[in-house]
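Dropping my_file23.tsv in here (TSV, C-alpha atoms):
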chain	number	residue	atom	x	y	z
T	219	MET	CA	-24.86	8.54	-32.67
T	220	GLY	CA	-22.32	8.21	-29.90
T	221	PRO	CA	-18.60	8.77	-30.32
T	222	GLY	CA	-16.60	5.86	-31.64
T	223	LEU	CA	-19.64	4.13	-33.28
T	224	PRO	CA	-19.85	3.72	-37.05
T	225	ASP	CA	-22.55	5.45	-39.09
T	226	PRO	CA	-25.19	2.83	-40.06
T	227	HIS	CA	-26.08	4.85	-43.20
T	228	PRO	CA	-22.87	5.87	-44.97
T	229	ALA	CA	-23.17	8.58	-47.60
T	230	ILE	CA	-23.79	7.60	-51.24
T	231	VAL	CA	-21.30	9.18	-53.58
T	232	SER	CA	-20.62	8.67	-57.25
T	233	ASP	CA	-17.26	7.99	-58.87
T	234	ALA	CA	-18.75	8.47	-62.35
T	235	PRO	CA	-22.02	9.87	-63.74
T	236	GLY	CA	-24.83	7.33	-63.55
T	237	ARG	CA	-22.88	4.91	-61.34
T	238	PRO	CA	-23.68	5.52	-57.66
T	239	THR	CA	-21.50	3.58	-55.19
T	240	ARG	CA	-21.30	3.27	-51.38
T	241	GLN	CA	-18.07	4.54	-49.90
T	242	HIS	CA	-17.50	3.31	-46.31
T	243	THR	CA	-15.30	6.13	-45.16
T	244	VAL	CA	-15.67	5.23	-41.45
T	245	LEU	CA	-16.06	1.48	-41.64
T	246	ALA	CA	-13.39	0.77	-44.22
T	247	PRO	CA	-10.38	0.84	-41.80
T	248	VAL	CA	-12.23	-1.54	-39.47
T	249	PHE	CA	-14.09	-3.95	-41.68
T	250	ARG	CA	-11.74	-3.82	-44.69
T	251	GLY	CA	-14.37	-3.78	-47.40
T	252	ARG	CA	-16.87	-6.32	-46.03
T	253	ARG	CA	-20.38	-6.58	-47.41
T	254	GLN	CA	-23.29	-4.59	-46.08
T	255	THR	CA	-24.49	-7.52	-43.90
T	256	GLY	CA	-21.09	-7.70	-42.24
T	257	VAL	CA	-21.14	-3.96	-41.64
T	258	ARG	CA	-24.53	-4.13	-39.95
T	259	PHE	CA	-23.47	-7.08	-37.81
T	260	ALA	CA	-20.33	-5.24	-36.64
T	261	PHE	CA	-22.39	-2.12	-35.97
T	262	PHE	CA	-24.89	-3.89	-33.68
T	263	THR	CA	-22.06	-5.82	-32.02
T	264	ARG	CA	-20.42	-2.54	-31.07
T	265	ILE	CA	-23.68	-1.24	-29.68
T	266	LEU	CA	-24.08	-4.33	-27.50
T	267	GLN	CA	-20.50	-4.08	-26.32
T	268	ALA	CA	-20.96	-0.46	-25.38
T	269	GLY	CA	-24.13	-1.32	-23.42
T	270	VAL	CA	-22.51	-4.17	-21.49
T	271	PHE	CA	-19.49	-2.05	-20.67
T	272	THR	CA	-21.68	0.78	-19.35
T	273	THR	CA	-23.76	-1.60	-17.19
T	274	ARG	CA	-20.70	-3.30	-15.76
T	275	ARG	CA	-19.09	0.03	-14.89
T	276	ARG	CA	-22.20	1.22	-13.05
T	277	PHE	CA	-22.30	-2.06	-11.10
T	278	ARG	CA	-18.70	-1.62	-9.95
T	279	ALA	CA	-19.35	1.94	-8.84
T	280	HIS	CA	-22.42	0.76	-6.95
T	281	GLU	CA	-20.43	-1.94	-5.19
T	282	GLU	CA	-17.63	0.45	-4.38
T	283	PHE	CA	-19.83	2.74	-2.29
T	284	ARG	CA	-21.64	0.04	-0.35
T	285	ALA	CA	-21.29	0.51	3.40
T	286	ILE	CA	-20.09	-2.83	4.83
T	287	ALA	CA	-19.15	-2.98	8.50
T	288	PRO	CA	-15.69	-4.52	8.90
T	289	PRO	CA	-15.52	-7.69	11.02
T	290	THR	CA	-13.96	-7.29	14.44
T	291	ASN	CA	-12.76	-9.65	17.14
T	292	GLU	CA	-12.66	-7.06	19.90
T	293	PRO	CA	-14.75	-7.74	23.03
T	294	ARG	CA	-17.83	-5.70	23.79
T	295	ILE	CA	-17.36	-3.00	26.42
T	296	ASN	CA	-19.64	-0.78	28.51
T	297	ASP	CA	-22.87	0.10	26.66
T	298	ARG	CA	-22.16	-2.37	23.84
T	299	ILE	CA	-22.78	-5.34	26.15
T	300	ARG	CA	-26.18	-6.89	25.31
T	301	ALA	CA	-26.80	-9.25	28.24
T	302	ARG	CA	-29.31	-8.33	30.91
T	303	GLU	CA	-27.15	-9.66	33.74
T	304	VAL	CA	-23.46	-10.54	33.93
T	305	ARG	CA	-21.07	-12.38	36.21
T	306	LEU	CA	-18.91	-9.55	37.48
T	307	VAL	CA	-15.19	-9.87	38.23
T	308	GLY	CA	-13.41	-7.05	40.00
T	309	GLN	CA	-10.24	-5.24	38.98
T	310	ASP	CA	-8.10	-7.46	41.21
T	311	GLY	CA	-9.78	-10.69	40.09
T	312	GLU	CA	-12.23	-10.93	42.95
T	313	GLN	CA	-15.61	-12.57	42.24
T	314	ILE	CA	-18.33	-9.99	42.87
T	315	GLY	CA	-21.16	-12.23	41.64
T	316	ILE	CA	-24.05	-12.03	39.20
T	317	LYS	CA	-25.27	-8.46	38.79
T	318	PRO	CA	-27.70	-6.68	36.45
T	319	LEU	CA	-25.95	-4.94	33.59
T	320	SER	CA	-26.94	-1.48	34.80
T	321	GLU	CA	-25.53	-2.12	38.27
T	322	ALA	CA	-22.31	-3.56	36.85
T	323	LEU	CA	-21.91	-0.47	34.65
T	324	ASN	CA	-22.42	1.81	37.65
T	325	ILE	CA	-19.76	-0.08	39.64
T	326	ALA	CA	-17.28	0.20	36.76
T	327	ARG	CA	-17.97	3.90	36.25
T	328	ALA	CA	-17.60	4.58	39.97
T	329	THR	CA	-14.02	3.25	39.78
T	330	GLY	CA	-13.29	5.18	36.58
T	331	LEU	CA	-12.68	1.99	34.58
T	332	ASP	CA	-14.40	0.02	31.82
T	333	LEU	CA	-16.67	-3.01	31.91
T	334	VAL	CA	-15.27	-5.56	29.44
T	335	GLU	CA	-17.03	-8.76	28.34
T	336	VAL	CA	-14.24	-11.36	28.55
T	337	ALA	CA	-16.34	-14.54	28.10
T	338	ASP	CA	-19.39	-13.95	25.94
T	339	GLN	CA	-20.17	-17.69	25.54
T	340	ALA	CA	-20.78	-18.19	29.27
T	341	ARG	CA	-24.27	-18.02	30.75
T	342	PRO	CA	-24.41	-15.35	32.06
T	343	PRO	CA	-21.47	-13.68	30.28
T	344	VAL	CA	-18.39	-12.94	32.36
T	345	CYS	CA	-17.43	-9.26	32.53
T	346	ARG	CA	-14.39	-7.76	34.19
T	347	ILE	CA	-13.67	-4.26	35.42
T	348	MET	CA	-10.41	-3.03	33.86
T	349	ASP	CA	-8.71	-0.22	32.00
T	350	TYR	CA	-9.53	-1.37	28.46
T	351	GLY	CA	-7.13	1.03	26.77
T	352	LYS	CA	-4.20	-0.27	28.80
T	353	PHE	CA	-5.34	-3.87	28.31
T	354	LYS	CA	-5.56	-3.45	24.52
T	355	TYR	CA	-2.13	-1.78	24.37
T	356	GLU	CA	-0.49	-4.60	26.32
T	357	ALA	CA	-2.22	-7.21	24.13
T	358	ASP	CA	-0.96	-5.46	20.98
T	359	GLN	CA	2.56	-5.39	22.38
T	360	ARG	CA	2.45	-9.11	23.20
T	361	ALA	CA	1.15	-9.93	19.73
T	362	LYS	CA	3.87	-7.78	18.18
T	363	GLU	CA	6.59	-9.55	20.17
T	364	SER	CA	5.22	-12.98	19.25
T	365	ARG	CA	5.14	-12.06	15.55
T	366	LYS	CA	8.68	-10.74	15.79
T	367	LYS	CA	9.93	-13.95	17.39
T	368	ALA	CA	8.05	-16.10	14.90
T	369	SER	CA	9.53	-14.21	11.93
T	370	ASN	CA	13.08	-14.44	13.31
T	371	LEU	CA	12.98	-18.21	13.88
T	372	THR	CA	14.03	-20.04	10.72
T	373	VAL	CA	15.44	-23.39	9.66
T	374	LYS	CA	19.22	-23.24	9.41
T	375	GLU	CA	21.27	-25.74	7.45
T	376	MET	CA	24.71	-27.22	8.12
T	377	LYS	CA	26.45	-29.42	5.54
T	378	TYR	CA	28.95	-32.18	6.33
T	379	ARG	CA	31.00	-34.53	4.16
T	380	PRO	CA	31.48	-38.26	4.87
T	381	LYS	CA	35.25	-37.72	5.11
T	382	ILE	CA	35.15	-34.55	7.22
T	383	GLY	CA	38.09	-33.88	9.52
T	384	ILE	CA	37.91	-33.64	13.31
T	385	GLY	CA	38.55	-29.89	13.38
T	386	ASP	CA	35.87	-29.09	10.78
T	387	PHE	CA	33.44	-31.43	12.54
T	388	ASP	CA	33.92	-29.67	15.88
T	389	THR	CA	33.57	-26.20	14.30
T	390	LYS	CA	30.38	-27.07	12.44
T	391	THR	CA	28.90	-28.85	15.45
T	392	ARG	CA	29.54	-25.82	17.70
T	393	LYS	CA	27.69	-23.70	15.13
T	394	VAL	CA	24.78	-26.16	15.21
T	395	GLU	CA	24.70	-25.85	19.03
T	396	SER	CA	24.61	-22.07	18.69
T	397	PHE	CA	21.64	-22.22	16.28
T	398	LEU	CA	19.74	-24.55	18.59
T	399	GLY	CA	20.49	-22.35	21.58
T	400	GLU	CA	18.97	-19.38	19.72
T	401	GLY	CA	15.77	-21.37	19.14
T	402	HIS	CA	16.27	-22.25	15.45
T	403	LYS	CA	15.76	-25.62	13.84
T	404	VAL	CA	18.77	-27.06	12.02
T	405	LYS	CA	18.81	-29.23	8.93
T	406	VAL	CA	21.99	-31.34	8.92
T	407	THR	CA	22.95	-32.58	5.45
T	408	ILE	CA	25.57	-35.18	4.49
T	409	MET	CA	26.71	-34.66	0.87
T	410	PHE	CA	27.89	-37.77	-1.00
T	411	ARG	CA	30.02	-37.72	-4.13
T	412	GLY	CA	30.83	-40.46	-6.59
T	413	ARG	CA	31.45	-43.82	-4.98
T	414	GLU	CA	30.63	-42.43	-1.54
T	415	MET	CA	27.01	-43.25	-2.39
T	416	GLN	CA	27.88	-46.92	-1.88
T	417	HIS	CA	28.70	-46.30	1.82
T	418	PRO	CA	25.68	-44.53	3.40
T	419	GLU	CA	26.70	-45.91	6.79
T	420	LEU	CA	29.51	-43.30	6.89
T	421	GLY	CA	26.98	-40.48	6.67
T	422	ARG	CA	24.71	-42.06	9.28
T	423	LYS	CA	27.67	-42.42	11.63
T	424	ILE	CA	28.42	-38.68	11.35
T	425	LEU	CA	24.77	-37.77	11.93
T	426	ASP	CA	24.69	-39.96	15.04
T	427	LYS	CA	27.80	-38.19	16.35
T	428	VAL	CA	26.17	-34.80	15.75
T	429	ALA	CA	22.98	-35.90	17.57
T	430	VAL	CA	25.03	-37.05	20.59
T	431	ALA	CA	27.11	-33.86	20.61
T	432	ILE	CA	24.06	-31.55	20.71
T	433	SER	CA	21.88	-33.68	23.01
T	434	HIS	CA	22.20	-31.07	25.80
T	435	VAL	CA	20.56	-28.32	23.68
T	436	GLY	CA	18.45	-30.13	21.07
T	437	LYS	CA	16.79	-33.33	19.93
T	438	VAL	CA	16.27	-35.20	16.68
T	439	GLU	CA	12.98	-34.14	15.10
T	440	PHE	CA	13.33	-36.11	11.83
T	441	HIS	CA	15.64	-39.09	11.81
T	442	PRO	CA	18.22	-39.53	9.03
T	443	ARG	CA	16.81	-40.39	5.62
T	444	GLN	CA	18.28	-40.60	2.13
T	445	ASP	CA	17.34	-37.72	-0.18
T	446	GLY	CA	18.95	-38.31	-3.57
T	447	ARG	CA	22.71	-37.87	-3.18
T	448	ASN	CA	22.26	-36.41	0.31
T	449	MET	CA	21.33	-37.75	3.72
T	450	VAL	CA	19.24	-35.37	5.81
T	451	MET	CA	18.43	-35.08	9.53
T	452	VAL	CA	16.45	-32.26	11.21
T	453	LEU	CA	17.23	-31.09	14.75
T	454	ALA	CA	14.95	-29.01	16.98
T	455	PRO	CA	15.62	-27.10	20.22
T	456	ASP	CA	14.90	-28.99	23.46
T	457	LYS	CA	13.97	-26.60	26.26
T	458	GLN	CA	14.01	-29.29	28.92
T	459	ALA	CA	17.48	-30.49	27.94
T	460	GLN	CA	18.74	-26.90	27.92
T	461	ALA	CA	17.31	-26.32	31.41
T	462	ARG	CA	18.95	-29.49	32.71
T	463	HIS	CA	22.25	-28.51	31.11
T	464	GLN	CA	22.15	-25.05	32.69
T	465	LYS	CA	21.34	-26.57	36.06
T	466	GLU	CA	24.27	-28.98	35.74
T	467	GLN	CA	26.56	-26.12	34.75
T	468	LYS	CA	25.53	-24.08	37.79
T	469	LYS	CA	26.03	-27.08	40.03
T	470	ALA	CA	29.47	-27.76	38.55
T	471	ALA	CA	30.43	-24.10	38.92
T	472	ALA	CA	29.32	-24.14	42.57
T	473	GLU	CA	31.32	-27.33	43.25
T	474	ALA	CA	34.38	-25.88	41.55
T	475	ALA	CA	34.12	-22.71	43.64
T	476	GLU	CA	33.72	-24.77	46.80
T	477	ASN	CA	36.74	-26.93	45.94
T	478	GLU	CA	38.80	-23.83	45.24
T	479	ALA	CA	37.80	-22.29	48.55
T	480	THR	CA	38.69	-25.54	50.34
T	481	ALA	CA	42.06	-25.62	48.63
T	482	LEU	CA	42.78	-22.02	49.65
T	483	ASN	CA	41.82	-22.71	53.27
T	484	SER	CA	44.04	-25.78	53.31
T	485	ALA	CA	46.94	-23.77	51.91
T	486	GLU	CA	46.45	-21.04	54.51
T	487	GLU	CA	46.32	-23.56	57.35
T	488	ALA	CA	49.44	-25.30	56.08
T	489	GLU	CA	51.27	-21.98	55.87
T	490	LYS	CA	50.13	-21.04	59.36
T	491	ASN	CA	51.28	-24.36	60.80
T	492	SER	CA	54.67	-24.06	59.13
T	493	SER	CA	55.15	-20.57	60.54
T	494	GLU	CA	54.28	-21.81	64.05
T	495	GLU	CA	56.76	-24.66	63.78
T	496	GLU	CA	59.51	-22.28	62.76
T	497	GLU	CA	58.86	-20.15	65.79
For the file at hand, write its structure as structure tokens.
Amino acid sequence: MGPGLPDPHPAIVSDAPGRPTRQHTVLAPVFRGRRQTGVRFAFFTRILQAGVFTTRRRFRAHEEFRAIAPPTNEPRINDRIRAREVRLVGQDGEQIGIKPLSEALNIARATGLDLVEVADQARPPVCRIMDYGKFKYEADQRAKESRKKASNLTVKEMKYRPKIGIGDFDTKTRKVESFLGEGHKVKVTIMFRGREMQHPELGRKILDKVAVAISHVGKVEFHPRQDGRNMVMVLAPDKQAQARHQKEQKKAAAEAAENEATALNSAEEAEKNSSEEEE
């Protein structure tokens, strides 16, 4: 009998002469004085439970030690390429042509580089001669930078009131421009209170002013809509508008510098003429 299982044949003891009784010393704390049929049922139930538990544990251990090859998205290189012939591309991007795999491997090994299958769906597959270690490192760095940029870009929020003052409006709008310039999206919210809900046109007027003020760095992605007691508009960065704005700024700066230089030359000429007249 295994540990933790009740004895199916408890000992027969006698409390008084001539009166034998069954005393369930092991089963009494569990079954609380049930009849013999209940004791047998509980006993076989425990046996079944122990068997199922043992089978399930062996199954988990069997699954744990199974050798499963992890999936990979890396291209095949060198001897792992399966095609008989490949379209070979040189290290500098030159088209070498269709070559047998053995010849392509010899060309790659002669240059001390790897043969990498860059387009396995083509017929024949396209392979390129390159330093695969360097290529993989640069790809990992680009992926890391893209993940970093994606995690840093979030949706900012700026809240306005229908009766906001000019100074607060300018301050908040400059902050919205800064967020858009950094590449973030901005959720502009107009908060209504009390009877202000009866005049939604005030909130729409403020949102229109914000959209006009940031038109050189962003654009309206979601137009104003009522959301409960708030009115919401979403702005997104506009790369083309930012490029045009920067170009206009450079042009204005160049014109200002040219005008300043012209003014200085005019002042110098006037001073020179006055000095000649005095002489």
For CA of Ala454 (chain T) and CA of His417 (chain T), the interatomic separation in Å (one decimal): 26.8 Å
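You can rank T:Arg379, T:Lys490, T:Arg346, T:His402 by their closest distance to Ile314 (chain T) using all atoms listed in the file, and at the top of that list sits T:Arg346.
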12 Å contact set for Lys374 (chain T), only C-alpha atoms, chain neighbours under 4 positions out, as a count of residues only: 19
Residues near region 327-338 of chain T, cut-off 7 Å, all atoms listed in the file, skip fewer than 4 positions along chain, as an MDAnalysis selection string: chainID T and resid 293:296 323 343:350
For CA of Asp386 (chain T) and CA of Gly399 (chain T), the interatomic separation in Å (one decimal): 20.0 Å
Surrounding residues of Arg422 (chain T) excluding itself and chain neighbours under 2 positions, 10 Å, only C-alpha atoms, as a short mmCIF file (atom, residue, chain, number, x, y, z; two decimals) with C-alpha atoms, in the coordinates of the input:
data_model
loop_
_atom_site.label_atom_id
_atom_site.label_comp_id
_atom_site.auth_asym_id
_atom_site.auth_seq_id
_atom_site.Cartn_x
_atom_site.Cartn_y
_atom_site.Cartn_z
CA PRO T 380 31.48 -38.26 4.87
CA ILE T 408 25.57 -35.18 4.49
CA HIS T 417 28.70 -46.30 1.82
CA PRO T 418 25.68 -44.53 3.40
CA GLU T 419 26.70 -45.91 6.79
CA LEU T 420 29.51 -43.30 6.89
CA ILE T 424 28.42 -38.68 11.35
CA LEU T 425 24.77 -37.77 11.93
CA ASP T 426 24.69 -39.96 15.04
CA LYS T 427 27.80 -38.19 16.35
CA VAL T 428 26.17 -34.80 15.75
CA HIS T 441 15.64 -39.09 11.81
CA PRO T 442 18.22 -39.53 9.03
CA ARG T 443 16.81 -40.39 5.62
CA GLN T 444 18.28 -40.60 2.13
CA MET T 449 21.33 -37.75 3.72
CA VAL T 450 19.24 -35.37 5.81
CA MET T 451 18.43 -35.08 9.53
#
